Every structure is written in structure tokens, then in C-alpha cells.
Amino acid sequence: MTDRLTRRYDALVDSGELRPDAAQRAACALFAPILEHLDRPVPKPGLRGLLGRRKPLPAPGLYLWGGVGRGKSMLMDLFVTQLDGIPNRRVHFHAFMQEIHAGMHAARQRGVDDALAPVADAVAGAVRVLAFDEMQITDITDAMIVGRLFERLLEAGVAIVTTSNRVPDDLYKDGLNRALFVPFIEMIKTRMQVHELVSETDYRQHRLAGAQVWFNPADAAARAEMARIWDELTGHDPGQPLVLKVKGRDVVIPHAHNGVGQARFWDLCGQPLGPADYLALAEALRVLMIEDVPYLTASNYNEAKRFVTLIDALYEARVRLIASAASEPERLYTEGAGSFEFARTASRLREMQAADWGA
């Protein structure tokens, strides 16, 4: 009998909302054990509480990884739509971990010895499903607690589904004290089903192939086109703020969804950010939309330097860039200190407009 997620996928293909993809369809069946687990009633206290609360069955999990644009987030979103009232959270992994750290800080302020325990238990009491998008570990503070966090949540019956661009063995690769993180990788392999989505088509790249990605001037028409592309890439989701913690600083992307981020030039370049901040941003996103890049002159020299550093980080990480600007790249910075060096950035901006960039 065909599982219900596969039936839903087939219905969307039949209606023309999705293009048929054999790898995506096969992956739908991986969610069936999780849905079966969630269909079981939640254990309740015994008679008059004398027997105590029965321990919930440990939950299954799914770690879905693969290349950018293969449909991982789409399948996870499709799974979430099938939960039918079951308490759940669908959240970017970075944002969730920031909440965990904030909760642990509050617990320590109350004098709690094991600060993670009450935070994890509060999560387990609020949801039965956690759906994480874009899981990656770049911060040692995340690396040191995520293993205990996942183990406690799974033991409490919370099902975890996560997408990632990386195979588990590459998580926190070359990170500080990585040996302490390795047991978490082994737990993923034993407690969660690990599956690579090997679709031949990069659907995100397909949607952008041949499309204009640099708009000038940054007028109403440009804003309308940027909004249209955002809707195309996110399915009309408004997105949520994504806050990346980097060496005690907050790097804020005002709107983010499924690896797509949107910000204004001044959000990213008008703040005292540096290379480490932009590298973290490039790790967290696969598409970045920047609006209102101004002419660059001596009057905004610091902002121009940050823009150059940002573009370098995006270029090296092969992040897809979509931007609205005052002019063409070559005409953004034509005189004053730094204008000569900007020629390299303009060349990169041109290269990043190619149809196959980021593929």
C-alpha cells in the first residue's frame, strides 16, 4: 500500500504543482515510520497518577542530505503538512540552537546545575516533531551540546527530521575539539535514518537558469522583480529573521527561508561586520538577495569595504547572488580610494550572474 506522503506527492505531480522526480518520490517513503510513530497515542499518566507517567517510545528520525536545490526542504515541508494538528516546529537549525543557548543561559541564572535538561524537556513538552532546515555545525558551543540535546529529545518521543547539504561525517569538519563531537555523528547514524537525495536536477538552479539576477536601477520595477523571485524560491513564504552568532556578535538576515536569505545593503554592510561574519552567512545560505546597493564613494568607504568582503565570501562559497543596485557592477565604484581594487569585485559580480553559477 502506498504511504500517504507518496500519495500526496503523486497528487501534486498530477496537478502540475510539482515536476515528477524519481529520487524525490522514493524519499517520501522514508517519512512513513515517523508518521506511524506519531499516529500512536501519547502515553498518559496511570490511574490517579499512582502508576506514574509511562515512558514514551523513542522516536525515529530522518537525516536527509544532498546537493543544493534537490528538493530536501520541499519534502520536509510536505511532511509537515501531513501532521494534521500534531504539535510541531519547522525551524532553521541555527535559529533553534540560538533559542537553546538562550534557554540554557536563563537556567544557569536560576542556579540549575544541568542547564540543558530543563530546556530540552520544555521543548519535548511542547512538540512531538522538530523539522530542522539546513543543519550544519560551525560553532563549538553548538557542537558541545547538540548530541545530548538530540538524544534527550528522541528518548522523550520527539521525532526529528533534518535536512543538510553535508553527509553526517562532514559535520563540524576540522572544528575545534572535533573528537568530542564524533559520538553525535555516530548517534545520527544509529538513531536516525540517513539518506542522500540524489536527484539529477537542481530545482532551485533550474528556476534561476537564464533569469536576470542583477537589477538596476534599484527602483520600483526592481523591487517588484526581487519580490517575484523571492516568492518563486520560497513558495510565497514571508520568511523569518535568521540570527547567526559569530564570536559574540549577531549577524542578522531579516528574512530567511529554506536557505534563501533577503536583506538590504545597509543591513549587511552598514553594520560593523567582518570576514568571519560573512563566512558564517555564506555557510548558512545558498541564495542571498541584497536590495538597494548604492553608489560607492569616499563617503561610504567602510561600507564599500564590507561589501567587497561580503562578495568575496559569497563567491568562494558559490552562493547564488540576486541584487538590486544603483547601477551596473562596473559603475558602482568609479573614483576615490578603493575604486581600483573594486574592479576585481565587479568582475566577480559579473561572473556570479552566469546562468550556471552555484551549480
# chains A, B, ... in the order shown; residues from 1 in each chain; ligands from 1
>>> residues_around(residues="Leu242 of chain A", least_positions_apart="6", cutoff="10 Å", atoms="only C-alpha atoms", output="PyMOL selection string")
chain A and resi 92-96+98+250-257+261-262+281+284
>>> closest_residue(among="A:Leu116, A:Ala323, A:Gly69, A:Asp84", to="Glu225 of chain A", atoms="only C-alpha atoms")
A:Ala323
>>> closest_residue(among="A:Gln271, A:Gln24, A:Thr345, A:Ser15", to="Arg249 of chain A", atoms="only C-alpha atoms")
A:Gln271
>>> residues_around(residues="Pro272 of chain A", least_positions_apart="2", cutoff="9 Å", atoms="only C-alpha atoms", output="JSON, numbers by chain")
{"A": [268, 269, 270, 274, 302, 303, 306]}
>>> select_by_dssp(residues="segment 197-346 of chain A", states="strand (DSSP E)", output="PyMOL selection string")
chain A and resi 214-215+240-246+249-257+260-264+287-293+320-325
>>> write_last_selection(atoms="C-alpha atoms", output="PDB file, in the first residue's frame")
ATOM      1  CA  TRP A 214      21.077  41.871 -11.215  1.00  0.00           C
ATOM      2  CA  PHE A 215      18.590  44.730 -11.370  1.00  0.00           C
ATOM      3  CA  GLN A 240      11.714  34.759   9.368  1.00  0.00           C
ATOM      4  CA  PRO A 241      14.731  36.604  10.761  1.00  0.00           C
ATOM      5  CA  LEU A 242      17.839  34.441  10.912  1.00  0.00           C
ATOM      6  CA  VAL A 243      20.342  35.475  13.590  1.00  0.00           C
ATOM      7  CA  LEU A 244      23.824  33.961  13.350  1.00  0.00           C
ATOM      8  CA  LYS A 245      26.004  34.147  16.442  1.00  0.00           C
ATOM      9  CA  VAL A 246      29.609  34.805  15.463  1.00  0.00           C
ATOM     10  CA  ARG A 249      28.139  39.266  17.525  1.00  0.00           C
ATOM     11  CA  ASP A 250      24.739  38.955  15.901  1.00  0.00           C
ATOM     12  CA  VAL A 251      24.636  38.694  12.112  1.00  0.00           C
ATOM     13  CA  VAL A 252      21.007  39.276  11.184  1.00  0.00           C
ATOM     14  CA  ILE A 253      19.389  38.276   7.892  1.00  0.00           C
ATOM     15  CA  PRO A 254      15.947  39.903   8.153  1.00  0.00           C
ATOM     16  CA  HIS A 255      14.165  37.308   6.002  1.00  0.00           C
ATOM     17  CA  ALA A 256      15.247  33.697   5.504  1.00  0.00           C
ATOM     18  CA  HIS A 257      13.516  30.526   4.334  1.00  0.00           C
ATOM     19  CA  VAL A 260      17.267  31.692   0.821  1.00  0.00           C
ATOM     20  CA  GLY A 261      18.029  34.984   2.575  1.00  0.00           C
ATOM     21  CA  GLN A 262      16.938  38.538   1.866  1.00  0.00           C
ATOM     22  CA  ALA A 263      18.443  41.756   3.229  1.00  0.00           C
ATOM     23  CA  ARG A 264      19.125  45.342   2.320  1.00  0.00           C
ATOM     24  CA  VAL A 287      20.882  32.100  -2.175  1.00  0.00           C
ATOM     25  CA  LEU A 288      21.239  35.691  -0.946  1.00  0.00           C
ATOM     26  CA  MET A 289      19.086  38.545  -2.190  1.00  0.00           C
ATOM     27  CA  ILE A 290      20.545  42.015  -1.491  1.00  0.00           C
ATOM     28  CA  GLU A 291      18.474  45.113  -2.156  1.00  0.00           C
ATOM     29  CA  ASP A 292      19.492  48.731  -2.732  1.00  0.00           C
ATOM     30  CA  VAL A 293      23.247  48.529  -3.279  1.00  0.00           C
ATOM     31  CA  ARG A 320      23.780  32.463  -5.638  1.00  0.00           C
ATOM     32  CA  LEU A 321      23.510  36.269  -5.518  1.00  0.00           C
ATOM     33  CA  ILE A 322      20.464  38.270  -6.604  1.00  0.00           C
ATOM     34  CA  ALA A 323      20.710  42.027  -6.191  1.00  0.00           C
ATOM     35  CA  SER A 324      19.211  45.398  -6.969  1.00  0.00           C
ATOM     36  CA  ALA A 325      21.697  48.252  -7.259  1.00  0.00           C
TER      37      ALA A 325
END
>>> residues_around(residues="Arg348 of chain A", least_positions_apart="4", cutoff="10 Å", atoms="only C-alpha atoms", output="VMD selection string")
chain A and resid 308 311 to 312 314 to 315 329 342 to 344 352 to 353
>>> write_last_selection(atoms="N, CA and C atoms", output="compact mmCIF listing (two decimals), in the first residue's frame")
# COMPACT_ATOMS: atom_id res chain seq x y z
N VAL A 308 32.77 44.47 -0.41
CA VAL A 308 33.80 43.68 -1.09
C VAL A 308 34.06 42.38 -0.34
N ILE A 311 31.08 39.99 -0.80
CA ILE A 311 31.06 39.36 -2.13
C ILE A 311 32.14 38.28 -2.22
N ASP A 312 33.31 38.53 -1.65
CA ASP A 312 34.36 37.51 -1.65
C ASP A 312 33.89 36.24 -0.95
N LEU A 314 30.75 35.19 -0.48
CA LEU A 314 29.71 34.56 -1.29
C LEU A 314 30.31 33.86 -2.50
N TYR A 315 31.30 34.50 -3.10
CA TYR A 315 31.95 33.95 -4.30
C TYR A 315 32.65 32.63 -3.97
N PRO A 329 27.60 46.67 -12.11
CA PRO A 329 28.73 46.48 -11.20
C PRO A 329 29.92 47.39 -11.50
N PHE A 342 38.16 47.69 -6.59
CA PHE A 342 36.79 47.23 -6.79
C PHE A 342 36.59 46.57 -8.15
N ALA A 343 37.52 46.81 -9.08
CA ALA A 343 37.39 46.19 -10.40
C ALA A 343 37.32 44.67 -10.27
N ARG A 344 38.07 44.11 -9.31
CA ARG A 344 38.03 42.65 -9.09
C ARG A 344 36.66 42.22 -8.60
N MET A 352 29.14 35.98 -11.25
CA MET A 352 28.08 35.41 -10.42
C MET A 352 26.69 35.57 -11.04
N GLN A 353 26.60 36.31 -12.13
CA GLN A 353 25.32 36.45 -12.84
C GLN A 353 25.12 35.34 -13.87
>>> atom_distance(atom1="atom CA of Thr163 of chain A", atom2="atom CA of Met104 of chain A")
24.8 Å
>>> select_by_dssp(residues="segment 120-341 of chain A", states="alpha helix (DSSP H)", output="PyMOL selection string")
chain A and resi 120-126+140-155+182-191+203-208+220-234+265-269+275-284+301-316
>>> write_last_selection(atoms="C-alpha atoms", output="PDB file, in the first residue's frame")
ATOM      1  CA  ALA A 120      15.253  20.097  26.305  1.00  0.00           C
ATOM      2  CA  ASP A 121      12.364  18.918  28.481  1.00  0.00           C
ATOM      3  CA  ALA A 122      10.438  22.116  27.735  1.00  0.00           C
ATOM      4  CA  VAL A 123      10.857  21.516  24.014  1.00  0.00           C
ATOM      5  CA  ALA A 124       9.754  17.894  24.401  1.00  0.00           C
ATOM      6  CA  GLY A 125       6.694  19.019  26.330  1.00  0.00           C
ATOM      7  CA  ALA A 126       5.671  21.465  23.607  1.00  0.00           C
ATOM      8  CA  ILE A 140      31.880  24.879  19.087  1.00  0.00           C
ATOM      9  CA  THR A 141      29.158  25.795  21.585  1.00  0.00           C
ATOM     10  CA  ASP A 142      26.607  24.044  19.348  1.00  0.00           C
ATOM     11  CA  ALA A 143      28.931  21.094  18.824  1.00  0.00           C
ATOM     12  CA  MET A 144      29.339  20.514  22.545  1.00  0.00           C
ATOM     13  CA  ILE A 145      25.620  20.253  23.371  1.00  0.00           C
ATOM     14  CA  VAL A 146      23.809  19.052  20.246  1.00  0.00           C
ATOM     15  CA  GLY A 147      24.471  15.359  20.932  1.00  0.00           C
ATOM     16  CA  ARG A 148      22.903  15.415  24.398  1.00  0.00           C
ATOM     17  CA  LEU A 149      20.077  17.592  23.110  1.00  0.00           C
ATOM     18  CA  PHE A 150      19.122  15.224  20.280  1.00  0.00           C
ATOM     19  CA  GLU A 151      19.433  12.146  22.487  1.00  0.00           C
ATOM     20  CA  ARG A 152      17.168  13.625  25.159  1.00  0.00           C
ATOM     21  CA  LEU A 153      14.568  14.729  22.604  1.00  0.00           C
ATOM     22  CA  LEU A 154      14.495  11.391  20.763  1.00  0.00           C
ATOM     23  CA  GLU A 155      14.216   9.487  24.057  1.00  0.00           C
ATOM     24  CA  VAL A 182      32.195  12.413  16.798  1.00  0.00           C
ATOM     25  CA  PRO A 183      29.817  10.488  19.134  1.00  0.00           C
ATOM     26  CA  PHE A 184      26.986  12.712  17.882  1.00  0.00           C
ATOM     27  CA  ILE A 185      27.759  11.677  14.299  1.00  0.00           C
ATOM     28  CA  GLU A 186      27.584   8.043  15.365  1.00  0.00           C
ATOM     29  CA  MET A 187      24.271   8.716  17.117  1.00  0.00           C
ATOM     30  CA  ILE A 188      22.849  10.207  13.894  1.00  0.00           C
ATOM     31  CA  LYS A 189      23.849   7.054  12.042  1.00  0.00           C
ATOM     32  CA  THR A 190      22.319   4.701  14.606  1.00  0.00           C
ATOM     33  CA  ARG A 191      19.252   6.641  15.792  1.00  0.00           C
ATOM     34  CA  TYR A 203      15.412  22.735  -8.992  1.00  0.00           C
ATOM     35  CA  ARG A 204      16.498  25.975  -7.366  1.00  0.00           C
ATOM     36  CA  GLN A 205      19.101  26.480 -10.080  1.00  0.00           C
ATOM     37  CA  HIS A 206      16.525  25.462 -12.689  1.00  0.00           C
ATOM     38  CA  ARG A 207      14.199  28.228 -11.511  1.00  0.00           C
ATOM     39  CA  LEU A 208      17.014  30.771 -11.850  1.00  0.00           C
ATOM     40  CA  ALA A 220      10.018  50.094  -8.063  1.00  0.00           C
ATOM     41  CA  ALA A 221      10.372  47.752 -11.034  1.00  0.00           C
ATOM     42  CA  ALA A 222      13.481  46.196  -9.484  1.00  0.00           C
ATOM     43  CA  ARG A 223      11.712  45.747  -6.151  1.00  0.00           C
ATOM     44  CA  ALA A 224       8.806  44.044  -7.888  1.00  0.00           C
ATOM     45  CA  GLU A 225      11.145  41.626  -9.680  1.00  0.00           C
ATOM     46  CA  MET A 226      13.026  40.863  -6.478  1.00  0.00           C
ATOM     47  CA  ALA A 227       9.735  40.159  -4.717  1.00  0.00           C
ATOM     48  CA  ARG A 228       8.655  37.863  -7.551  1.00  0.00           C
ATOM     49  CA  ILE A 229      11.905  35.873  -7.354  1.00  0.00           C
ATOM     50  CA  TRP A 230      11.594  35.585  -3.570  1.00  0.00           C
ATOM     51  CA  ASP A 231       8.087  34.168  -3.954  1.00  0.00           C
ATOM     52  CA  GLU A 232       9.293  31.774  -6.634  1.00  0.00           C
ATOM     53  CA  LEU A 233      12.123  30.450  -4.478  1.00  0.00           C
ATOM     54  CA  THR A 234      10.233  30.264  -1.180  1.00  0.00           C
ATOM     55  CA  PHE A 265      22.674  46.550   1.635  1.00  0.00           C
ATOM     56  CA  TRP A 266      22.702  48.537   4.886  1.00  0.00           C
ATOM     57  CA  ASP A 267      21.571  45.505   6.906  1.00  0.00           C
ATOM     58  CA  LEU A 268      24.762  43.668   5.982  1.00  0.00           C
ATOM     59  CA  CYS A 269      27.285  46.373   5.122  1.00  0.00           C
ATOM     60  CA  PRO A 275      35.164  38.271   7.267  1.00  0.00           C
ATOM     61  CA  ALA A 276      34.107  35.734   9.919  1.00  0.00           C
ATOM     62  CA  ASP A 277      30.579  37.131   9.937  1.00  0.00           C
ATOM     63  CA  TYR A 278      30.239  36.959   6.165  1.00  0.00           C
ATOM     64  CA  LEU A 279      31.722  33.459   6.070  1.00  0.00           C
ATOM     65  CA  ALA A 280      29.058  32.328   8.566  1.00  0.00           C
ATOM     66  CA  LEU A 281      26.393  33.930   6.391  1.00  0.00           C
ATOM     67  CA  ALA A 282      27.728  32.164   3.295  1.00  0.00           C
ATOM     68  CA  GLU A 283      27.672  28.851   5.194  1.00  0.00           C
ATOM     69  CA  ALA A 284      24.062  29.356   6.272  1.00  0.00           C
ATOM     70  CA  TYR A 301      34.214  53.789   2.166  1.00  0.00           C
ATOM     71  CA  ASN A 302      33.790  51.462   5.169  1.00  0.00           C
ATOM     72  CA  GLU A 303      30.515  50.122   3.826  1.00  0.00           C
ATOM     73  CA  ALA A 304      32.159  49.588   0.431  1.00  0.00           C
ATOM     74  CA  LYS A 305      34.996  47.603   2.033  1.00  0.00           C
ATOM     75  CA  ARG A 306      32.449  45.402   3.807  1.00  0.00           C
ATOM     76  CA  PHE A 307      30.575  44.862   0.546  1.00  0.00           C
ATOM     77  CA  VAL A 308      33.801  43.683  -1.094  1.00  0.00           C
ATOM     78  CA  THR A 309      34.423  41.271   1.801  1.00  0.00           C
ATOM     79  CA  LEU A 310      30.842  40.009   1.610  1.00  0.00           C
ATOM     80  CA  ILE A 311      31.065  39.356  -2.125  1.00  0.00           C
ATOM     81  CA  ASP A 312      34.358  37.514  -1.652  1.00  0.00           C
ATOM     82  CA  ALA A 313      32.733  35.218   0.936  1.00  0.00           C
ATOM     83  CA  LEU A 314      29.707  34.561  -1.286  1.00  0.00           C
ATOM     84  CA  TYR A 315      31.948  33.952  -4.301  1.00  0.00           C
ATOM     85  CA  GLU A 316      34.190  31.422  -2.559  1.00  0.00           C
TER      86      GLU A 316
END
>>> atom_distance(atom1="atom CA of Asp139 of chain A", atom2="atom CA of Arg166 of chain A")
15.6 Å
>>> residues_around(residues="Leu57 of chain A", least_positions_apart="4", cutoff="12 Å", atoms="only C-alpha atoms", output="list in words")
Ile34, Glu36, His37, Leu38, Arg40, Pro41, Val42, Pro43, Arg128, Leu153, Leu154, Glu155, Ala156, Gly157, Val158 and Ala159 of chain A
>>> write_last_selection(atoms="C-alpha atoms", output="PDB file, in the first residue's frame")
ATOM      1  CA  ILE A  34       7.851   8.711  11.597  1.00  0.00           C
ATOM      2  CA  GLU A  36       3.393   5.751  12.113  1.00  0.00           C
ATOM      3  CA  HIS A  37       5.151   6.694  15.361  1.00  0.00           C
ATOM      4  CA  LEU A  38       3.166   9.920  15.551  1.00  0.00           C
ATOM      5  CA  ARG A  40       0.327   6.212  18.188  1.00  0.00           C
ATOM      6  CA  PRO A  41      -1.411   7.817  21.181  1.00  0.00           C
ATOM      7  CA  VAL A  42       0.738   9.771  23.598  1.00  0.00           C
ATOM      8  CA  PRO A  43       1.244   7.837  26.863  1.00  0.00           C
ATOM      9  CA  ARG A 128       6.164  15.953  19.036  1.00  0.00           C
ATOM     10  CA  LEU A 153      14.568  14.729  22.604  1.00  0.00           C
ATOM     11  CA  LEU A 154      14.495  11.391  20.763  1.00  0.00           C
ATOM     12  CA  GLU A 155      14.216   9.487  24.057  1.00  0.00           C
ATOM     13  CA  ALA A 156      11.304  11.745  25.009  1.00  0.00           C
ATOM     14  CA  GLY A 157       9.477  10.666  21.860  1.00  0.00           C
ATOM     15  CA  VAL A 158      10.145  13.779  19.776  1.00  0.00           C
ATOM     16  CA  ALA A 159      10.639  12.883  16.138  1.00  0.00           C
TER      17      ALA A 159
END
>>> residues_around(residues="Arg90 of chain A", least_positions_apart="6", cutoff="7 Å", atoms="only C-alpha atoms", output="NGL selection string")
:A and (130-132)
>>> atom_distance(atom1="atom CA of Leu30 of chain A", atom2="atom CA of Gly66 of chain A")
14.8 Å
>>> residues_around(residues="Leu332 of chain A", least_positions_apart="4", cutoff="6 Å", atoms="only C-alpha atoms", output="list in words")
Tyr295, Leu296 and Ser327 of chain A
>>> write_last_selection(atoms="N, CA and C atoms", output="short mmCIF file (atom, residue, chain, number, x, y, z; two decimals), in the first residue's frame")
data_model
loop_
_atom_site.label_atom_id
_atom_site.label_comp_id
_atom_site.auth_asym_id
_atom_site.auth_seq_id
_atom_site.Cartn_x
_atom_site.Cartn_y
_atom_site.Cartn_z
N TYR A 295 25.61 53.63 -4.95
CA TYR A 295 26.92 54.02 -5.47
C TYR A 295 27.91 54.04 -4.31
N LEU A 296 29.13 53.60 -4.57
CA LEU A 296 30.14 53.51 -3.53
C LEU A 296 31.19 54.60 -3.76
N SER A 327 23.49 50.88 -10.08
CA SER A 327 23.98 50.80 -11.46
C SER A 327 24.59 49.43 -11.72
#
>>> closest_residue(among="A:Ala346, A:Leu5, A:Leu180, A:Leu75", to="Thr162 of chain A", atoms="only C-alpha atoms")
A:Leu75
>>> closest_residue(among="A:Gly259, A:Pro118, A:Gly336, A:Pro294", to="Glu134 of chain A", atoms="only C-alpha atoms")
A:Gly259
>>> closest_residue(among="A:Gly71, A:Gln82, A:Ser199, A:Thr297", to="Leu18 of chain A", atoms="only C-alpha atoms")
A:Gly71
